[in-house]
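Enquirer: Could you have a look at this structure, given as structure tokens, before my questions?
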Amino acid sequence: MSTSKKINNSTLRLEKGDITDMELEAFVFYAQSDLALGSGFGNAISMRGGLAIKKELESIGSLEDGKAVVTGAGEMKATHIVHAVGPKFQEENIESKLETTMINTLKTADEKGIKQLAFPPMGANFYGIPLPDCARIMVKTITEHLKGKSGLKDVLIIPMDNREFKPFEKALNS
């Protein structure tokens, strides 16, 4: 089974790890509409990135569902964070809302000239999107985006563990 796929001049790949502790140009944070960092990954971003990120988010205010915004990554190893507001637990049309969030996140990264972008399993776990659905939607949406005109050269999906990794591996190879 492959863990990467060449699409035009870009590569989509899977890599296990902690997205908040990797050397990346940019990674995606599945944000709340109020852009508060909160717990879980948000807490890791706060702790590792310092106050600069929180201050930048406060100056932005809030964001509509499905939209994305780029900030600096403070003291983290990454350069940028793309904060994307996706669907919440048991919302209606969760799959189409996740797809819209993914499309807007990829477009926002392209608009900012980002070449390397890493995603966590968007909306899985805390927000309740089943991993197989999450994997299928993410791989399909990223693949379609990279088939078009995109400046992204390296797109990663970063599951934390084997439980998260397996559905993405299956989606990538189907």
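Here's how to read the names in the structure tokens: chain A, B, ... by the order shown, residue numbers from 1 in each chain, ligand numbers from 1 in the order shown.
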Run DSSP on the backbone and tell me which residues of chain A come out as alpha helix (DSSP H); list them as a PDB file with N, CA and C atoms, in the first residue's frame.

Expert:
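In the end it all went to part31.pdb:
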ATOM      1  N   PHE A  41      -5.786  20.179  20.270  1.00  0.00           N
ATOM      2  CA  PHE A  41      -4.802  20.789  19.376  1.00  0.00           C
ATOM      3  C   PHE A  41      -4.688  22.287  19.631  1.00  0.00           C
ATOM      4  N   GLY A  42      -5.817  22.924  19.949  1.00  0.00           N
ATOM      5  CA  GLY A  42      -5.799  24.360  20.236  1.00  0.00           C
ATOM      6  C   GLY A  42      -4.888  24.681  21.406  1.00  0.00           C
ATOM      7  N   ASN A  43      -4.927  23.849  22.426  1.00  0.00           N
ATOM      8  CA  ASN A  43      -4.059  24.045  23.587  1.00  0.00           C
ATOM      9  C   ASN A  43      -2.598  23.837  23.202  1.00  0.00           C
ATOM     10  N   ALA A  44      -2.324  22.818  22.386  1.00  0.00           N
ATOM     11  CA  ALA A  44      -0.952  22.568  21.925  1.00  0.00           C
ATOM     12  C   ALA A  44      -0.440  23.769  21.125  1.00  0.00           C
ATOM     13  N   ILE A  45      -1.304  24.356  20.300  1.00  0.00           N
ATOM     14  CA  ILE A  45      -0.923  25.539  19.520  1.00  0.00           C
ATOM     15  C   ILE A  45      -0.617  26.704  20.463  1.00  0.00           C
ATOM     16  N   SER A  46      -1.474  26.914  21.461  1.00  0.00           N
ATOM     17  CA  SER A  46      -1.258  27.993  22.434  1.00  0.00           C
ATOM     18  C   SER A  46       0.058  27.818  23.173  1.00  0.00           C
ATOM     19  N   MET A  47       0.289  26.601  23.653  1.00  0.00           N
ATOM     20  CA  MET A  47       1.485  26.336  24.453  1.00  0.00           C
ATOM     21  C   MET A  47       2.762  26.447  23.617  1.00  0.00           C
ATOM     22  N   ARG A  48       2.753  25.862  22.423  1.00  0.00           N
ATOM     23  CA  ARG A  48       3.960  25.847  21.595  1.00  0.00           C
ATOM     24  C   ARG A  48       4.167  27.138  20.818  1.00  0.00           C
ATOM     25  N   GLY A  49       3.075  27.792  20.455  1.00  0.00           N
ATOM     26  CA  GLY A  49       3.180  28.971  19.592  1.00  0.00           C
ATOM     27  C   GLY A  49       3.301  30.288  20.315  1.00  0.00           C
ATOM     28  N   LEU A  51       1.827  33.684  22.621  1.00  0.00           N
ATOM     29  CA  LEU A  51       0.714  34.640  22.571  1.00  0.00           C
ATOM     30  C   LEU A  51       0.473  35.281  21.212  1.00  0.00           C
ATOM     31  N   ALA A  52       1.475  35.291  20.353  1.00  0.00           N
ATOM     32  CA  ALA A  52       1.337  35.978  19.060  1.00  0.00           C
ATOM     33  C   ALA A  52       0.153  35.439  18.258  1.00  0.00           C
ATOM     34  N   ILE A  53      -0.048  34.137  18.286  1.00  0.00           N
ATOM     35  CA  ILE A  53      -1.148  33.524  17.514  1.00  0.00           C
ATOM     36  C   ILE A  53      -2.487  33.989  18.069  1.00  0.00           C
ATOM     37  N   LYS A  54      -2.633  33.919  19.382  1.00  0.00           N
ATOM     38  CA  LYS A  54      -3.883  34.332  20.034  1.00  0.00           C
ATOM     39  C   LYS A  54      -4.195  35.798  19.711  1.00  0.00           C
ATOM     40  N   LYS A  55      -3.181  36.653  19.774  1.00  0.00           N
ATOM     41  CA  LYS A  55      -3.385  38.076  19.475  1.00  0.00           C
ATOM     42  C   LYS A  55      -3.802  38.281  18.027  1.00  0.00           C
ATOM     43  N   GLU A  56      -3.170  37.553  17.112  1.00  0.00           N
ATOM     44  CA  GLU A  56      -3.528  37.670  15.695  1.00  0.00           C
ATOM     45  C   GLU A  56      -4.972  37.217  15.473  1.00  0.00           C
ATOM     46  N   LEU A  57      -5.366  36.121  16.122  1.00  0.00           N
ATOM     47  CA  LEU A  57      -6.742  35.631  15.994  1.00  0.00           C
ATOM     48  C   LEU A  57      -7.740  36.623  16.587  1.00  0.00           C
ATOM     49  N   GLU A  58      -7.391  37.232  17.710  1.00  0.00           N
ATOM     50  CA  GLU A  58      -8.284  38.225  18.328  1.00  0.00           C
ATOM     51  C   GLU A  58      -8.497  39.419  17.401  1.00  0.00           C
ATOM     52  N   SER A  59      -7.457  39.796  16.654  1.00  0.00           N
ATOM     53  CA  SER A  59      -7.596  40.930  15.733  1.00  0.00           C
ATOM     54  C   SER A  59      -8.496  40.573  14.543  1.00  0.00           C
ATOM     55  N   ILE A  60      -8.580  39.288  14.205  1.00  0.00           N
ATOM     56  CA  ILE A  60      -9.454  38.838  13.115  1.00  0.00           C
ATOM     57  C   ILE A  60     -10.895  38.759  13.597  1.00  0.00           C
ATOM     58  N   ILE A  94     -23.271  17.153   6.842  1.00  0.00           N
ATOM     59  CA  ILE A  94     -21.909  17.230   7.358  1.00  0.00           C
ATOM     60  C   ILE A  94     -20.865  16.945   6.276  1.00  0.00           C
ATOM     61  N   GLU A  95     -21.153  16.013   5.356  1.00  0.00           N
ATOM     62  CA  GLU A  95     -20.183  15.670   4.313  1.00  0.00           C
ATOM     63  C   GLU A  95     -19.982  16.822   3.333  1.00  0.00           C
ATOM     64  N   SER A  96     -21.060  17.444   2.885  1.00  0.00           N
ATOM     65  CA  SER A  96     -20.919  18.557   1.932  1.00  0.00           C
ATOM     66  C   SER A  96     -20.290  19.764   2.628  1.00  0.00           C
ATOM     67  N   LYS A  97     -20.583  19.953   3.909  1.00  0.00           N
ATOM     68  CA  LYS A  97     -19.966  21.066   4.652  1.00  0.00           C
ATOM     69  C   LYS A  97     -18.465  20.827   4.835  1.00  0.00           C
ATOM     70  N   LEU A  98     -18.071  19.575   5.070  1.00  0.00           N
ATOM     71  CA  LEU A  98     -16.646  19.278   5.189  1.00  0.00           C
ATOM     72  C   LEU A  98     -15.949  19.513   3.851  1.00  0.00           C
ATOM     73  N   GLU A  99     -16.584  19.099   2.767  1.00  0.00           N
ATOM     74  CA  GLU A  99     -16.010  19.308   1.436  1.00  0.00           C
ATOM     75  C   GLU A  99     -15.826  20.809   1.157  1.00  0.00           C
ATOM     76  N   THR A 100     -16.832  21.616   1.488  1.00  0.00           N
ATOM     77  CA  THR A 100     -16.745  23.068   1.304  1.00  0.00           C
ATOM     78  C   THR A 100     -15.606  23.654   2.133  1.00  0.00           C
ATOM     79  N   THR A 101     -15.476  23.195   3.374  1.00  0.00           N
ATOM     80  CA  THR A 101     -14.387  23.661   4.245  1.00  0.00           C
ATOM     81  C   THR A 101     -13.040  23.312   3.640  1.00  0.00           C
ATOM     82  N   MET A 102     -12.916  22.090   3.124  1.00  0.00           N
ATOM     83  CA  MET A 102     -11.661  21.653   2.498  1.00  0.00           C
ATOM     84  C   MET A 102     -11.337  22.510   1.272  1.00  0.00           C
ATOM     85  N   ILE A 103     -12.326  22.740   0.416  1.00  0.00           N
ATOM     86  CA  ILE A 103     -12.126  23.546  -0.797  1.00  0.00           C
ATOM     87  C   ILE A 103     -11.654  24.949  -0.418  1.00  0.00           C
ATOM     88  N   ASN A 104     -12.328  25.570   0.549  1.00  0.00           N
ATOM     89  CA  ASN A 104     -11.962  26.928   0.962  1.00  0.00           C
ATOM     90  C   ASN A 104     -10.592  26.977   1.626  1.00  0.00           C
ATOM     91  N   THR A 105     -10.225  25.936   2.352  1.00  0.00           N
ATOM     92  CA  THR A 105      -8.915  25.870   2.991  1.00  0.00           C
ATOM     93  C   THR A 105      -7.820  25.788   1.938  1.00  0.00           C
ATOM     94  N   LEU A 106      -7.997  24.924   0.958  1.00  0.00           N
ATOM     95  CA  LEU A 106      -7.020  24.780  -0.128  1.00  0.00           C
ATOM     96  C   LEU A 106      -6.891  26.066  -0.938  1.00  0.00           C
ATOM     97  N   LYS A 107      -8.025  26.721  -1.236  1.00  0.00           N
ATOM     98  CA  LYS A 107      -8.004  27.994  -1.980  1.00  0.00           C
ATOM     99  C   LYS A 107      -7.286  29.073  -1.176  1.00  0.00           C
ATOM    100  N   THR A 108      -7.548  29.130   0.123  1.00  0.00           N
ATOM    101  CA  THR A 108      -6.909  30.125   0.989  1.00  0.00           C
ATOM    102  C   THR A 108      -5.400  29.919   1.012  1.00  0.00           C
ATOM    103  N   ALA A 109      -4.962  28.671   1.106  1.00  0.00           N
ATOM    104  CA  ALA A 109      -3.526  28.364   1.093  1.00  0.00           C
ATOM    105  C   ALA A 109      -2.911  28.797  -0.242  1.00  0.00           C
ATOM    106  N   ASP A 110      -3.595  28.511  -1.340  1.00  0.00           N
ATOM    107  CA  ASP A 110      -3.103  28.923  -2.660  1.00  0.00           C
ATOM    108  C   ASP A 110      -3.007  30.448  -2.758  1.00  0.00           C
ATOM    109  N   GLU A 111      -4.039  31.139  -2.280  1.00  0.00           N
ATOM    110  CA  GLU A 111      -4.041  32.608  -2.332  1.00  0.00           C
ATOM    111  C   GLU A 111      -2.868  33.202  -1.554  1.00  0.00           C
ATOM    112  N   LEU A 131     -14.211   8.467  10.731  1.00  0.00           N
ATOM    113  CA  LEU A 131     -12.915   8.449  10.046  1.00  0.00           C
ATOM    114  C   LEU A 131     -12.988   8.000   8.590  1.00  0.00           C
ATOM    115  N   PRO A 132     -13.716   6.913   8.254  1.00  0.00           N
ATOM    116  CA  PRO A 132     -13.769   6.519   6.834  1.00  0.00           C
ATOM    117  C   PRO A 132     -14.367   7.608   5.939  1.00  0.00           C
ATOM    118  N   ASP A 133     -15.403   8.301   6.423  1.00  0.00           N
ATOM    119  CA  ASP A 133     -16.013   9.395   5.648  1.00  0.00           C
ATOM    120  C   ASP A 133     -15.050  10.569   5.535  1.00  0.00           C
ATOM    121  N   CYS A 134     -14.438  10.923   6.655  1.00  0.00           N
ATOM    122  CA  CYS A 134     -13.457  11.998   6.693  1.00  0.00           C
ATOM    123  C   CYS A 134     -12.338  11.723   5.683  1.00  0.00           C
ATOM    124  N   ALA A 135     -11.792  10.521   5.713  1.00  0.00           N
ATOM    125  CA  ALA A 135     -10.680  10.145   4.821  1.00  0.00           C
ATOM    126  C   ALA A 135     -11.100  10.229   3.357  1.00  0.00           C
ATOM    127  N   ARG A 136     -12.265   9.675   3.040  1.00  0.00           N
ATOM    128  CA  ARG A 136     -12.755   9.673   1.656  1.00  0.00           C
ATOM    129  C   ARG A 136     -12.936  11.104   1.140  1.00  0.00           C
ATOM    130  N   ILE A 137     -13.587  11.950   1.928  1.00  0.00           N
ATOM    131  CA  ILE A 137     -13.858  13.333   1.509  1.00  0.00           C
ATOM    132  C   ILE A 137     -12.558  14.122   1.368  1.00  0.00           C
ATOM    133  N   MET A 138     -11.666  13.968   2.336  1.00  0.00           N
ATOM    134  CA  MET A 138     -10.410  14.716   2.296  1.00  0.00           C
ATOM    135  C   MET A 138      -9.554  14.319   1.096  1.00  0.00           C
ATOM    136  N   VAL A 139      -9.356  13.024   0.887  1.00  0.00           N
ATOM    137  CA  VAL A 139      -8.510  12.560  -0.208  1.00  0.00           C
ATOM    138  C   VAL A 139      -9.113  12.980  -1.547  1.00  0.00           C
ATOM    139  N   LYS A 140     -10.427  12.827  -1.706  1.00  0.00           N
ATOM    140  CA  LYS A 140     -11.105  13.206  -2.950  1.00  0.00           C
ATOM    141  C   LYS A 140     -10.977  14.713  -3.205  1.00  0.00           C
ATOM    142  N   THR A 141     -11.227  15.526  -2.195  1.00  0.00           N
ATOM    143  CA  THR A 141     -11.209  16.980  -2.366  1.00  0.00           C
ATOM    144  C   THR A 141      -9.798  17.498  -2.642  1.00  0.00           C
ATOM    145  N   ILE A 142      -8.819  16.986  -1.921  1.00  0.00           N
ATOM    146  CA  ILE A 142      -7.425  17.397  -2.152  1.00  0.00           C
ATOM    147  C   ILE A 142      -6.986  16.980  -3.562  1.00  0.00           C
ATOM    148  N   THR A 143      -7.314  15.747  -3.952  1.00  0.00           N
ATOM    149  CA  THR A 143      -6.948  15.247  -5.284  1.00  0.00           C
ATOM    150  C   THR A 143      -7.550  16.126  -6.373  1.00  0.00           C
ATOM    151  N   GLU A 144      -8.842  16.451  -6.259  1.00  0.00           N
ATOM    152  CA  GLU A 144      -9.509  17.297  -7.259  1.00  0.00           C
ATOM    153  C   GLU A 144      -8.856  18.680  -7.313  1.00  0.00           C
ATOM    154  N   HIS A 145      -8.514  19.226  -6.154  1.00  0.00           N
ATOM    155  CA  HIS A 145      -7.883  20.547  -6.120  1.00  0.00           C
ATOM    156  C   HIS A 145      -6.518  20.522  -6.820  1.00  0.00           C
ATOM    157  N   LEU A 146      -5.731  19.511  -6.531  1.00  0.00           N
ATOM    158  CA  LEU A 146      -4.387  19.427  -7.106  1.00  0.00           C
ATOM    159  C   LEU A 146      -4.408  19.135  -8.604  1.00  0.00           C
ATOM    160  N   LYS A 147      -5.515  18.576  -9.101  1.00  0.00           N
ATOM    161  CA  LYS A 147      -5.652  18.338 -10.548  1.00  0.00           C
ATOM    162  C   LYS A 147      -5.883  19.651 -11.293  1.00  0.00           C
ATOM    163  N   ASN A 162      -2.226   4.701  14.282  1.00  0.00           N
ATOM    164  CA  ASN A 162      -2.686   3.708  13.304  1.00  0.00           C
ATOM    165  C   ASN A 162      -4.194   3.704  13.124  1.00  0.00           C
ATOM    166  N   ARG A 163      -4.938   3.935  14.200  1.00  0.00           N
ATOM    167  CA  ARG A 163      -6.403   3.957  14.112  1.00  0.00           C
ATOM    168  C   ARG A 163      -6.846   5.031  13.107  1.00  0.00           C
ATOM    169  N   GLU A 164      -6.205   6.183  13.137  1.00  0.00           N
ATOM    170  CA  GLU A 164      -6.523   7.250  12.191  1.00  0.00           C
ATOM    171  C   GLU A 164      -5.876   7.011  10.826  1.00  0.00           C
ATOM    172  N   PHE A 165      -4.689   6.424  10.824  1.00  0.00           N
ATOM    173  CA  PHE A 165      -3.912   6.255   9.592  1.00  0.00           C
ATOM    174  C   PHE A 165      -4.587   5.310   8.598  1.00  0.00           C
ATOM    175  N   LYS A 166      -5.078   4.169   9.082  1.00  0.00           N
ATOM    176  CA  LYS A 166      -5.612   3.116   8.203  1.00  0.00           C
ATOM    177  C   LYS A 166      -6.710   3.599   7.244  1.00  0.00           C
ATOM    178  N   PRO A 167      -7.741   4.337   7.709  1.00  0.00           N
ATOM    179  CA  PRO A 167      -8.774   4.794   6.759  1.00  0.00           C
ATOM    180  C   PRO A 167      -8.224   5.721   5.676  1.00  0.00           C
ATOM    181  N   PHE A 168      -7.213   6.526   6.026  1.00  0.00           N
ATOM    182  CA  PHE A 168      -6.625   7.426   5.024  1.00  0.00           C
ATOM    183  C   PHE A 168      -5.793   6.649   4.018  1.00  0.00           C
ATOM    184  N   GLU A 169      -5.075   5.644   4.498  1.00  0.00           N
ATOM    185  CA  GLU A 169      -4.304   4.788   3.601  1.00  0.00           C
ATOM    186  C   GLU A 169      -5.232   4.096   2.604  1.00  0.00           C
ATOM    187  N   LYS A 170      -6.352   3.594   3.117  1.00  0.00           N
ATOM    188  CA  LYS A 170      -7.343   2.937   2.256  1.00  0.00           C
ATOM    189  C   LYS A 170      -7.906   3.911   1.211  1.00  0.00           C
ATOM    190  N   ALA A 171      -8.250   5.129   1.649  1.00  0.00           N
ATOM    191  CA  ALA A 171      -8.798   6.130   0.726  1.00  0.00           C
ATOM    192  C   ALA A 171      -7.773   6.542  -0.324  1.00  0.00           C
ATOM    193  N   LEU A 172      -6.525   6.687   0.076  1.00  0.00           N
ATOM    194  CA  LEU A 172      -5.466   7.095  -0.840  1.00  0.00           C
ATOM    195  C   LEU A 172      -5.230   6.035  -1.917  1.00  0.00           C
TER     196      LEU A 172
END

Enquirer: DSSP on the backbone: which residues in chain A end up as strand (DSSP E or B)? Give the answer as a ChimeraX atom specification.

Expert: /A:4-7,10-14,26-31,68-72,80-85,116-119,154-157

Enquirer: Would you write out, as a Markdown table, a table of all residues in region 30-97 of chain A that have an atom no more than 8 Å from an atom of region 21-26 of chain A, listing for each the closest atom pair and the distance in Å to one decimal, considering only C-alpha atoms and ordering rows by chain and rising residue number?

Expert:
| residue | atom | partner | partner_atom | distance |
| --- | --- | --- | --- | --- |
| A:Met76 | CA | A:Asp21 | CA | 7.2 |
| A:Lys77 | CA | A:Glu23 | CA | 4.8 |
| A:Ala78 | CA | A:Leu24 | CA | 4.6 |
| A:Thr79 | CA | A:Glu25 | CA | 5.0 |
| A:His80 | CA | A:Ala26 | CA | 4.5 |
| A:Ile81 | CA | A:Ala26 | CA | 5.3 |
| A:Val82 | CA | A:Ala26 | CA | 6.9 |

Enquirer: Nearest residue to Pro87 (chain A) out of A:Lys115, A:Gly123, A:Gly74, A:Gly148, using only C-alpha atoms?

Expert: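 Once distances to Pro87 (chain A) are computed over only C-alpha atoms, the minimum belongs to A:Gly123.
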
Enquirer: Suppose you want the space between CA of Leu37 (chain A) and CA of Ala73 (chain A); what is it in Å?

Expert: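 These atoms are spaced 12.5 Å apart.
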
Enquirer: Please report the interatomic distance between CA of Gln116 (chain A) and CA of Leu152 (chain A) in Å with one decimal.

Expert: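 According to the coordinates, CA of Gln116 (chain A) and CA of Leu152 (chain A) are separated by 6.0 Å.
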
Enquirer: Give me, please, the distance in Å between CA of Asn173 (chain A) and CA of Ser4 (chain A), quoted to one decimal.

Expert: 8.8 Å

Enquirer: Residues within 8 Å of Asp18 (chain A), please, as a list in words. Count only C-alpha atoms; anything in the same chain fewer than 2 positions from it doesn't count.

Expert: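 My list of contacting residues is Lys16, Thr20, Asp21, Met22, Ile158, Pro159 and Met160 of chain A.
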
Enquirer: Counting only C-alpha atoms, figure out which residue out of A:Asp161, A:Asp65, A:Glu15, A:Asp34 gets nearest to Glu91 (chain A).

Expert: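 Closest to Glu91 (chain A), using only C-alpha atoms: A:Asp65.
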
Enquirer: May I have the residues within 8 Å of Phe89 (chain A) as a list in words, using only C-alpha atoms and disregarding those fewer than 3 positions away in the same chain?

Expert: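 My reading of the contact set: Phe126, Tyr127, Gly128 and Ile129 of chain A.
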
Enquirer: Find, counting only C-alpha atoms, the residue in A:Ala68, A:Val28, A:Ile114, A:Leu35 that gets nearest to Lys153 (chain A).

Expert: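 Ranking A:Ala68, A:Val28, A:Ile114, A:Leu35 by distance to Lys153 (chain A), first place goes to A:Ile114.
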